>>> print(open('run20.cif').read())   # mmCIF, C-alpha atoms
data_target
#
loop_
_atom_site.label_atom_id
_atom_site.label_comp_id
_atom_site.auth_asym_id
_atom_site.auth_seq_id
_atom_site.Cartn_x
_atom_site.Cartn_y
_atom_site.Cartn_z
CA MET A 1 -57.44 26.04 34.64
CA ARG A 2 -56.21 28.42 31.96
CA ARG A 3 -52.92 28.83 33.84
CA SER A 4 -52.40 25.04 34.00
CA HIS A 5 -53.14 24.71 30.27
CA ASP A 6 -50.63 27.48 29.44
CA LEU A 7 -48.03 25.80 31.64
CA VAL A 8 -48.43 22.46 29.85
CA ASN A 9 -48.17 24.16 26.44
CA ARG A 10 -45.07 26.04 27.53
CA VAL A 11 -43.01 23.20 29.00
CA GLY A 12 -44.72 19.99 27.79
CA TRP A 13 -45.98 17.05 29.84
CA PRO A 14 -42.65 15.16 30.11
CA ARG A 15 -40.82 18.26 31.31
CA LEU A 16 -43.63 19.05 33.74
CA ILE A 17 -44.17 15.59 35.22
CA GLY A 18 -40.69 14.02 34.94
CA PRO A 19 -39.02 16.01 37.74
CA TRP A 20 -41.95 15.38 40.10
CA VAL A 21 -41.79 11.63 39.46
CA ALA A 22 -38.11 11.69 40.45
CA ILE A 23 -38.92 13.78 43.53
CA VAL A 24 -41.68 11.42 44.71
CA LEU A 25 -39.44 8.39 44.15
CA SER A 26 -36.65 10.00 46.17
CA GLY A 27 -39.00 10.49 49.12
CA TYR A 28 -40.25 6.92 48.87
CA VAL A 29 -36.75 5.44 48.67
CA GLY A 30 -35.63 7.60 51.59
CA SER A 31 -38.52 6.33 53.70
CA LEU A 32 -37.62 2.72 52.84
CA VAL A 33 -34.00 3.08 53.97
CA GLY A 34 -34.85 5.04 57.12
CA VAL A 35 -33.59 8.53 56.23
CA PRO A 36 -34.71 11.03 58.93
CA VAL A 37 -37.64 13.17 57.70
CA ALA A 38 -37.36 11.21 54.44
CA TRP A 39 -40.23 12.91 52.61
CA LEU A 40 -38.56 16.29 53.08
CA VAL A 41 -34.87 15.44 52.79
CA GLY A 42 -35.22 13.04 49.83
CA PRO A 43 -37.23 15.44 47.62
CA MET A 44 -34.97 18.32 48.59
CA ILE A 45 -31.85 16.41 47.48
CA ALA A 46 -33.59 15.31 44.27
CA ALA A 47 -34.70 18.88 43.52
CA VAL A 48 -31.14 20.13 44.12
CA ALA A 49 -29.80 17.57 41.63
CA LEU A 50 -32.49 18.43 39.07
CA SER A 51 -31.84 22.15 39.48
CA LEU A 52 -28.10 21.77 38.98
CA ALA A 53 -28.84 19.62 35.90
CA GLY A 54 -31.01 22.39 34.45
CA ALA A 55 -34.37 20.63 34.94
CA PRO A 56 -35.88 22.06 38.16
CA PRO A 57 -39.48 21.19 39.06
CA GLU A 58 -42.13 23.80 38.34
CA PRO A 59 -42.63 25.84 41.54
CA SER A 60 -45.72 25.46 43.73
CA THR A 61 -48.14 28.37 44.07
CA ALA A 62 -48.10 30.78 47.02
CA GLY A 63 -51.47 29.49 48.23
CA LEU A 64 -50.28 25.89 48.21
CA PHE A 65 -47.14 26.85 50.15
CA THR A 66 -49.31 28.61 52.77
CA ALA A 67 -51.28 25.36 53.15
CA VAL A 68 -48.00 23.46 53.57
CA GLN A 69 -46.96 25.83 56.36
CA ALA A 70 -50.31 25.39 58.13
CA ILE A 71 -50.10 21.58 57.92
CA ILE A 72 -46.58 21.58 59.38
CA GLY A 73 -47.63 24.01 62.14
CA ALA A 74 -50.56 21.82 63.18
CA THR A 75 -48.27 18.78 63.12
CA LEU A 76 -45.71 20.40 65.41
CA SER A 77 -48.36 20.89 68.11
CA ALA A 78 -49.95 17.44 67.74
CA SER A 79 -47.98 15.86 70.61
CA PHE A 80 -48.73 18.52 73.22
CA THR A 81 -51.23 17.20 75.78
CA VAL A 82 -51.77 17.71 79.49
CA ASP A 83 -50.26 14.27 80.16
CA SER A 84 -47.15 14.98 78.09
CA LEU A 85 -46.39 18.25 79.89
CA ALA A 86 -47.29 17.10 83.43
CA PRO A 87 -43.79 15.71 84.21
CA LEU A 88 -42.35 19.21 83.78
CA ALA A 89 -44.28 20.55 86.78
CA GLU A 90 -42.02 19.03 89.45
CA HIS A 91 -38.82 20.62 88.10
CA TRP A 92 -40.33 23.50 86.10
CA LEU A 93 -37.79 26.15 87.14
CA PRO A 94 -34.49 24.40 86.22
CA ILE A 95 -36.09 22.94 83.09
CA SER A 96 -37.38 26.39 82.03
CA ILE A 97 -33.94 27.89 82.59
CA ALA A 98 -32.31 25.10 80.56
CA VAL A 99 -34.77 25.52 77.66
CA TRP A 100 -34.41 29.32 77.57
CA LEU A 101 -30.62 29.00 77.76
CA VAL A 102 -30.58 26.81 74.64
CA LEU A 103 -32.70 29.38 72.78
CA ALA A 104 -30.52 32.29 73.92
CA ILE A 105 -27.29 30.49 73.01
CA SER A 106 -28.58 29.48 69.58
CA ILE A 107 -29.73 33.03 68.76
CA ALA A 108 -26.39 34.40 70.00
CA SER A 109 -24.62 31.85 67.78
CA GLY A 110 -26.66 33.11 64.84
CA VAL A 111 -25.59 36.69 65.56
CA VAL A 112 -21.95 35.56 65.70
CA LEU A 113 -22.36 33.74 62.37
CA THR A 114 -23.61 36.95 60.76
CA ARG A 115 -20.22 38.49 61.58
CA VAL A 116 -17.81 35.64 60.88
CA ALA A 117 -19.60 34.03 57.91
CA SER A 118 -21.21 37.12 56.34
CA LEU A 119 -24.73 35.72 56.65
CA ASP A 120 -27.85 37.84 56.97
CA VAL A 121 -29.49 37.89 60.42
CA ALA A 122 -32.64 35.96 59.46
CA THR A 123 -30.75 33.11 57.75
CA ALA A 124 -28.16 32.77 60.52
CA SER A 125 -30.73 32.89 63.34
CA LEU A 126 -33.22 30.46 61.78
CA GLY A 127 -30.40 28.14 60.75
CA THR A 128 -29.04 27.94 64.29
CA VAL A 129 -32.29 27.55 66.28
CA PRO A 130 -32.42 23.86 67.32
CA GLY A 131 -35.94 22.53 67.02
CA GLY A 132 -38.61 22.09 64.39
CA ALA A 133 -36.22 21.96 61.43
CA ALA A 134 -39.05 21.72 58.89
CA GLY A 135 -40.79 24.65 60.57
CA MET A 136 -37.67 26.82 60.48
CA VAL A 137 -37.18 26.10 56.78
CA ALA A 138 -40.86 26.75 56.06
CA MET A 139 -40.84 30.16 57.78
CA SER A 140 -37.40 31.31 56.57
CA GLU A 141 -38.55 32.81 53.27
CA GLU A 142 -41.33 34.84 54.89
CA LEU A 143 -38.94 36.22 57.53
CA GLY A 144 -36.41 37.31 54.90
CA GLY A 145 -33.94 34.43 55.19
CA ASP A 146 -32.50 32.17 52.51
CA PRO A 147 -34.38 28.83 52.79
CA ARG A 148 -31.55 26.98 51.02
CA LEU A 149 -28.96 27.95 53.62
CA VAL A 150 -31.41 27.47 56.49
CA ALA A 151 -32.20 23.95 55.23
CA PHE A 152 -28.50 23.12 54.91
CA MET A 153 -27.73 24.33 58.45
CA GLN A 154 -30.77 22.69 60.05
CA TYR A 155 -30.36 19.27 58.45
CA ALA A 156 -26.59 19.19 58.90
CA ARG A 157 -27.29 19.73 62.61
CA LEU A 158 -30.02 17.09 62.60
CA VAL A 159 -27.78 14.42 61.05
CA ILE A 160 -24.89 15.13 63.42
CA VAL A 161 -27.16 15.20 66.49
CA ILE A 162 -28.87 11.92 65.55
CA VAL A 163 -25.51 10.19 65.12
CA SER A 164 -24.27 11.72 68.39
CA ILE A 165 -27.37 10.52 70.27
CA ALA A 166 -26.84 6.96 69.06
CA VAL A 167 -23.18 7.04 70.14
CA LEU A 168 -24.08 8.66 73.48
CA ALA A 169 -26.76 6.10 74.30
CA GLU A 170 -24.35 3.26 73.52
CA ALA A 171 -21.47 4.79 75.50
CA ILE A 172 -23.36 5.74 78.68
CA GLY A 173 -25.96 2.99 78.70
CA HIS A 174 -28.52 2.72 81.47
CA GLU A 175 -29.30 0.34 84.26
CA GLY A 176 -33.07 0.33 83.62
CA GLU A 177 -35.02 -1.97 81.38
CA PRO A 178 -35.99 -0.72 77.92
CA ALA A 179 -39.33 1.04 78.06
CA ALA A 180 -42.21 -0.15 75.93
CA GLN A 181 -44.71 2.58 76.68
CA ALA A 182 -46.27 4.65 73.91
CA LEU A 183 -45.51 8.33 73.86
CA VAL A 184 -49.02 9.23 72.78
CA SER A 185 -52.07 7.40 74.12
CA ALA A 186 -54.18 5.47 71.67
CA ASP A 187 -57.30 6.59 73.60
CA GLY A 188 -59.26 9.48 72.17
CA PRO A 189 -61.62 10.30 69.31
CA PRO A 190 -61.92 8.02 66.24
CA MET A 191 -59.20 8.55 63.65
CA ILE A 192 -61.57 10.17 61.14
CA ALA A 193 -62.49 12.76 63.80
CA ARG A 194 -58.79 13.45 64.42
CA TYR A 195 -58.29 14.01 60.69
CA GLY A 196 -61.16 16.49 60.63
CA LEU A 197 -59.83 18.25 63.72
CA ALA A 198 -56.39 18.59 62.12
CA VAL A 199 -57.90 20.13 58.97
CA ALA A 200 -59.94 22.59 61.04
CA VAL A 201 -56.93 23.55 63.19
CA ALA A 202 -54.67 24.08 60.16
CA ALA A 203 -57.29 26.08 58.24
CA ILE A 204 -58.51 28.31 61.10
CA GLY A 205 -55.15 28.73 62.82
CA GLY A 206 -53.32 29.34 59.55
CA TRP A 207 -55.87 31.95 58.45
CA LEU A 208 -55.77 33.75 61.81
CA GLY A 209 -51.96 33.74 61.83
CA VAL A 210 -51.85 35.39 58.40
CA ARG A 211 -54.74 37.73 59.27
CA PHE A 212 -52.98 39.05 62.39
CA ASN A 213 -49.60 39.27 60.65
CA LEU A 214 -47.77 36.85 62.95
CA PRO A 215 -44.21 35.94 61.91
CA ALA A 216 -44.57 32.94 59.58
CA GLY A 217 -48.29 33.42 60.22
CA ALA A 218 -49.74 30.25 58.69
CA LEU A 219 -47.28 28.00 60.52
CA VAL A 220 -47.26 29.76 63.91
CA GLY A 221 -51.03 30.37 63.84
CA ALA A 222 -51.76 26.71 63.12
CA MET A 223 -49.36 25.61 65.85
CA ILE A 224 -50.99 27.87 68.45
CA ALA A 225 -54.45 26.66 67.41
CA GLY A 226 -53.22 23.06 67.59
CA LEU A 227 -52.31 23.43 71.26
CA VAL A 228 -55.95 23.96 72.25
CA PRO A 229 -57.39 20.48 71.47
CA GLY A 230 -54.47 18.68 73.13
CA LEU A 231 -54.57 20.76 76.30
CA LEU A 232 -58.38 20.37 76.50
CA GLY A 233 -58.07 16.60 76.14
CA VAL A 234 -59.85 16.52 72.77
CA GLY A 235 -56.86 15.44 70.65
CA PRO A 236 -54.39 14.33 69.65
CA LEU A 237 -54.53 15.62 66.09
CA ALA A 238 -53.71 13.27 63.23
CA TRP A 239 -53.18 13.50 59.48
CA PRO A 240 -53.62 10.79 56.89
CA PRO A 241 -50.02 9.69 56.16
CA PHE A 242 -50.08 11.01 52.59
CA VAL A 243 -51.00 14.56 53.72
CA LEU A 244 -47.95 15.11 55.90
CA ALA A 245 -45.70 13.32 53.40
CA GLY A 246 -47.08 15.56 50.65
CA ALA A 247 -46.50 18.72 52.68
CA TYR A 248 -42.91 17.71 53.41
CA LEU A 249 -42.39 16.78 49.76
CA LEU A 250 -43.62 20.16 48.49
CA LEU A 251 -41.47 22.02 51.02
CA GLY A 252 -38.37 19.97 50.13
CA ALA A 253 -38.96 20.45 46.39
CA ARG A 254 -39.50 24.21 46.84
CA VAL A 255 -36.24 24.63 48.75
CA GLY A 256 -34.20 22.28 46.57
CA SER A 257 -35.35 23.86 43.30
CA ARG A 258 -33.70 27.14 44.31
CA PHE A 259 -30.19 25.72 44.48
CA ASP A 260 -27.72 26.65 41.76
CA ARG A 261 -23.96 26.41 41.31
CA ALA A 262 -23.38 29.76 43.01
CA ILE A 263 -25.22 28.70 46.18
CA MET A 264 -23.34 25.37 46.22
CA ARG A 265 -20.04 27.28 46.23
CA ARG A 266 -21.43 29.39 49.06
CA LEU A 267 -22.30 26.26 51.05
CA TRP A 268 -18.77 24.95 50.67
CA THR A 269 -17.32 28.13 52.18
CA LEU A 270 -19.88 28.00 55.00
CA LEU A 271 -19.23 24.36 55.92
CA PRO A 272 -16.41 24.95 58.49
CA PHE A 273 -18.46 27.64 60.28
CA VAL A 274 -21.62 25.49 60.35
CA LEU A 275 -19.79 22.40 61.61
CA GLY A 276 -18.05 24.47 64.27
CA PHE A 277 -21.37 25.89 65.42
CA ILE A 278 -23.00 22.44 65.59
CA VAL A 279 -20.16 20.97 67.65
CA ALA A 280 -20.10 23.98 69.99
CA LEU A 281 -23.87 23.94 70.49
CA SER A 282 -23.87 20.19 71.14
CA LEU A 283 -21.16 20.55 73.80
CA ILE A 284 -22.95 23.47 75.45
CA CYS A 285 -26.23 21.52 75.51
CA ALA A 286 -24.40 18.56 77.03
CA GLY A 287 -23.09 20.88 79.74
CA ILE A 288 -26.62 22.17 80.39
CA GLY A 289 -27.82 18.55 80.59
CA TRP A 290 -25.12 17.69 83.12
CA VAL A 291 -26.11 20.64 85.33
CA LEU A 292 -29.80 19.73 84.97
CA ALA A 293 -29.04 16.18 86.13
CA ARG A 294 -27.20 17.48 89.19
CA VAL A 295 -29.93 19.97 90.13
CA THR A 296 -33.02 17.81 89.53
CA GLY A 297 -31.71 14.35 90.41
CA LEU A 298 -32.45 13.01 86.93
CA ASP A 299 -30.06 10.35 85.70
CA LEU A 300 -27.35 11.69 83.38
CA LEU A 301 -28.51 9.87 80.24
CA THR A 302 -32.08 11.17 80.60
CA ALA A 303 -30.85 14.75 81.11
CA LEU A 304 -28.44 14.58 78.15
CA LEU A 305 -31.09 13.15 75.82
CA ALA A 306 -33.63 15.73 77.01
CA THR A 307 -31.31 18.67 76.30
CA SER A 308 -29.82 17.43 73.01
CA PRO A 309 -30.15 20.20 70.37
CA GLY A 310 -32.86 18.74 68.17
CA GLY A 311 -33.64 15.26 66.95
CA ILE A 312 -36.68 14.70 69.23
CA ASP A 313 -37.52 11.44 67.45
CA ALA A 314 -33.98 10.11 67.86
CA ALA A 315 -33.84 11.23 71.50
CA THR A 316 -37.10 9.51 72.48
CA ILE A 317 -36.22 6.35 70.55
CA ALA A 318 -32.83 6.24 72.31
CA ALA A 319 -34.61 6.71 75.65
CA LEU A 320 -36.95 3.81 74.84
CA ASP A 321 -34.05 1.56 73.86
CA THR A 322 -31.88 2.34 76.90
CA GLY A 323 -34.47 2.50 79.67
CA ALA A 324 -34.02 6.22 80.29
CA ASN A 325 -37.00 8.30 81.44
CA VAL A 326 -38.92 8.51 78.16
CA THR A 327 -41.67 10.75 79.52
CA MET A 328 -39.20 13.34 80.81
CA VAL A 329 -37.11 13.26 77.62
CA ALA A 330 -40.18 13.72 75.42
CA SER A 331 -41.68 16.42 77.65
CA ILE A 332 -38.54 18.57 77.79
CA GLN A 333 -37.89 18.15 74.06
CA MET A 334 -41.49 19.13 73.24
CA ALA A 335 -41.37 22.14 75.57
CA ARG A 336 -38.19 23.30 73.82
CA LEU A 337 -39.78 22.73 70.41
CA LEU A 338 -42.78 24.84 71.43
CA LEU A 339 -40.57 27.67 72.64
CA MET A 340 -38.31 27.63 69.58
CA VAL A 341 -41.14 27.71 67.04
CA LEU A 342 -43.36 30.21 68.88
CA VAL A 343 -40.77 32.63 70.29
CA GLY A 344 -37.99 32.22 67.70
CA PRO A 345 -39.79 34.00 64.82
CA PHE A 346 -40.57 37.07 66.96
CA ILE A 347 -36.93 37.35 68.02
CA VAL A 348 -35.73 36.91 64.43
CA ARG A 349 -38.16 39.57 63.18
CA ARG A 350 -36.84 42.05 65.79
CA LEU A 351 -33.22 41.23 64.92
CA VAL A 352 -33.92 41.73 61.22
CA ALA A 353 -35.63 45.07 61.88
CA ARG A 354 -32.71 46.17 64.06
CA SER A 355 -30.15 45.19 61.41
CA HIS A 356 -32.10 47.17 58.79
CA ARG A 357 -32.13 50.25 61.04
CA VAL A 358 -28.39 49.94 61.65
CA ALA A 359 -27.77 49.58 57.91
CA MET A 360 -29.90 52.66 57.15
CA VAL A 361 -28.09 54.75 59.77
CA ALA A 362 -24.72 53.64 58.37
CA GLU A 363 -25.86 54.50 54.83
CA ILE A 364 -27.08 57.95 55.90
CA GLY A 365 -23.77 58.57 57.67
CA THR A 366 -21.86 57.60 54.53
CA ASP A 367 -23.98 59.92 52.37
CA ASP A 368 -23.45 62.79 54.83
CA ARG A 369 -19.69 62.32 54.75
CA LYS A 370 -19.74 62.28 50.94
CA GLY A 371 -21.77 65.49 50.93
CA MET A 372 -19.24 67.25 53.15
CA THR A 373 -16.31 66.41 50.89
#
>>> encode(input="run20.cif", output="structure tokens")
Amino acid sequence: MRRSHDLVNRVGWPRLIGPWVAIVLSGYVGSLVGVPVAWLVGPMIAAVALSLAGAPPEPSTAGLFTAVQAIIGATLSASFTVDSLAPLAEHWLPISIAVWLVLAISIASGVVLTRVASLDVATASLGTVPGGAAGMVAMSEELGGDPRLVAFMQYARLVIVIVSIAVLAEAIGHEGEPAAQALVSADGPPMIARYGLAVAVAAIGGWLGVRFNLPAGALVGAMIAGLVPGLLGVGPLAWPPFVLAGAYLLLGARVGSRFDRAIMRRLWTLLPFVLGFIVALSLICAGIGWVLARVTGLDLLTALLATSPGGIDAATIAALDTGANVTMVASIQMARLLLMVLVGPFIVRRLVARSHRVAMVAEIGTDDRKGMT
């Protein structure tokens, strides 16, 4: 309470509240016009503008940011149920190979970006992993990356992939009728029970993740805990709409408030490398989708939508609109999301540790050579 009082005295109510009013309005307007992940992207853009204008929002506390990570982690696992993963069983081997290939290629792309674009390993790797964009941004700071650059890379990819999916669905088309099935069954516990389950999963899983020092512990711990209710048939989890919107808003504001003119100049120099990576990854994923269609007998549109690098919402909506196999598209996309968010942080942590060891060895070698001269 004392801290809040001191903060008000230091900056004044208008300076304290004004930026947050603009940030909330930006999320609301974004949701009205259909911006993807509007409550994250809108506040992030608003916070960037406010920061560059010299009026950034007051930062959220570390405890609040940990809660945001746990909420996002529980949300990422909300769609995983036995029914959603069952379609993978028939073609589990080629699908597993395809999903692991995408992860390996994205991590390799991140390593290449560290060389050609002078990025640190954590930022490049988290920025290039396709899946769970909000999760990658949320965990980037804890893993030693720059959340501003990770956000730029992730959401540039998301926008390009969403546009590409729309063009692809229109160009290829499909002979089937548009599907009207729901991706998640309405059957299950009452909504108030789902809310309580989500709170319990986020709190317990987030605490355990931090307690056992997992990479991005609150997020990854909550996601692992969130798998249990769905796979036991107890879920799916659910949040009141304002909770998830609030978590996205706080994450977007936190990232956007760290932008300054120097980082904007850095983004401009990175743009050609990032666009090149996105195009290359999209083409490689399309190639993997084509091979998957040939091996499994899936129709080409279903395979391409299932292996698109991110944009799970856009991919499933396109599948619904075109009559592609919605269940298969959603299942493969969710399996890839699970792998990216659970395995990605461990790989990034090892890459960061390795880069630090290499840097230390190089520094020792330089000192030795100086001592000999």
>>> atom_distance(input="run20.cif", atom1="atom CA of A:Ala253", atom2="atom CA of A:Pro57")
7.4 Å
>>> closest_atom_pairs(input="run20.cif", of="stretch 24-106 of chain A", to="stretch 329-341 of chain A", cutoff="9 Å", atoms="all atoms listed in the file", output="JSON lines")
{"residue": "A:Gly73", "atom": "CA", "partner": "A:Val341", "partner_atom": "CA", "distance": 8.9}
{"residue": "A:Leu76", "atom": "CA", "partner": "A:Leu338", "partner_atom": "CA", "distance": 8.0}
{"residue": "A:Ser77", "atom": "CA", "partner": "A:Leu338", "partner_atom": "CA", "distance": 7.6}
{"residue": "A:Ser79", "atom": "CA", "partner": "A:Met334", "partner_atom": "CA", "distance": 7.7}
{"residue": "A:Phe80", "atom": "CA", "partner": "A:Met334", "partner_atom": "CA", "distance": 7.3}
{"residue": "A:Ser84", "atom": "CA", "partner": "A:Ser331", "partner_atom": "CA", "distance": 5.7}
{"residue": "A:Leu85", "atom": "CA", "partner": "A:Ser331", "partner_atom": "CA", "distance": 5.5}
{"residue": "A:Ala86", "atom": "CA", "partner": "A:Ser331", "partner_atom": "CA", "distance": 8.1}
{"residue": "A:Pro87", "atom": "CA", "partner": "A:Ser331", "partner_atom": "CA", "distance": 6.9}
{"residue": "A:Leu88", "atom": "CA", "partner": "A:Ser331", "partner_atom": "CA", "distance": 6.8}
{"residue": "A:Ile95", "atom": "CA", "partner": "A:Ile332", "partner_atom": "CA", "distance": 7.3}
{"residue": "A:Ser96", "atom": "CA", "partner": "A:Ala335", "partner_atom": "CA", "distance": 8.7}
{"residue": "A:Val99", "atom": "CA", "partner": "A:Arg336", "partner_atom": "CA", "distance": 5.6}
{"residue": "A:Trp100", "atom": "CA", "partner": "A:Arg336", "partner_atom": "CA", "distance": 8.0}
{"residue": "A:Val102", "atom": "CA", "partner": "A:Arg336", "partner_atom": "CA", "distance": 8.4}
{"residue": "A:Leu103", "atom": "CA", "partner": "A:Met340", "partner_atom": "CA", "distance": 6.7}
>>> residues_around(input="run20.cif", residues="A:Ala198", least_positions_apart="5", cutoff="7 Å", atoms="all atoms listed in the file", output="number ranges by chain")
A: 74, 237-239
>>> residues_around(input="run20.cif", residues="A:Pro130", least_positions_apart="3", cutoff="8 Å", atoms="only C-alpha atoms", output="list in words")
Leu103, Ser106, Ala133, Gln154, Pro309, Gly310 and Met340 of chain A
>>> atom_distance(input="run20.cif", atom1="atom CA of A:Thr269", atom2="atom CA of A:Gly127")
15.6 Å
>>> residues_around(input="run20.cif", residues="stretch 122-124 of chain A", least_positions_apart="4", cutoff="6 Å", atoms="all atoms listed in the file", output="list in words")
Gly110, Gly145, Asp146, Val150 and Val348 of chain A
>>> atom_distance(input="run20.cif", atom1="atom CA of A:Pro19", atom2="atom CA of A:Leu267")
23.7 Å
>>> closest_residue(input="run20.cif", among="A:Leu168, A:Met191, A:Val279, A:Ala203", to="A:Pro241", atoms="all atoms listed in the file")
A:Met191
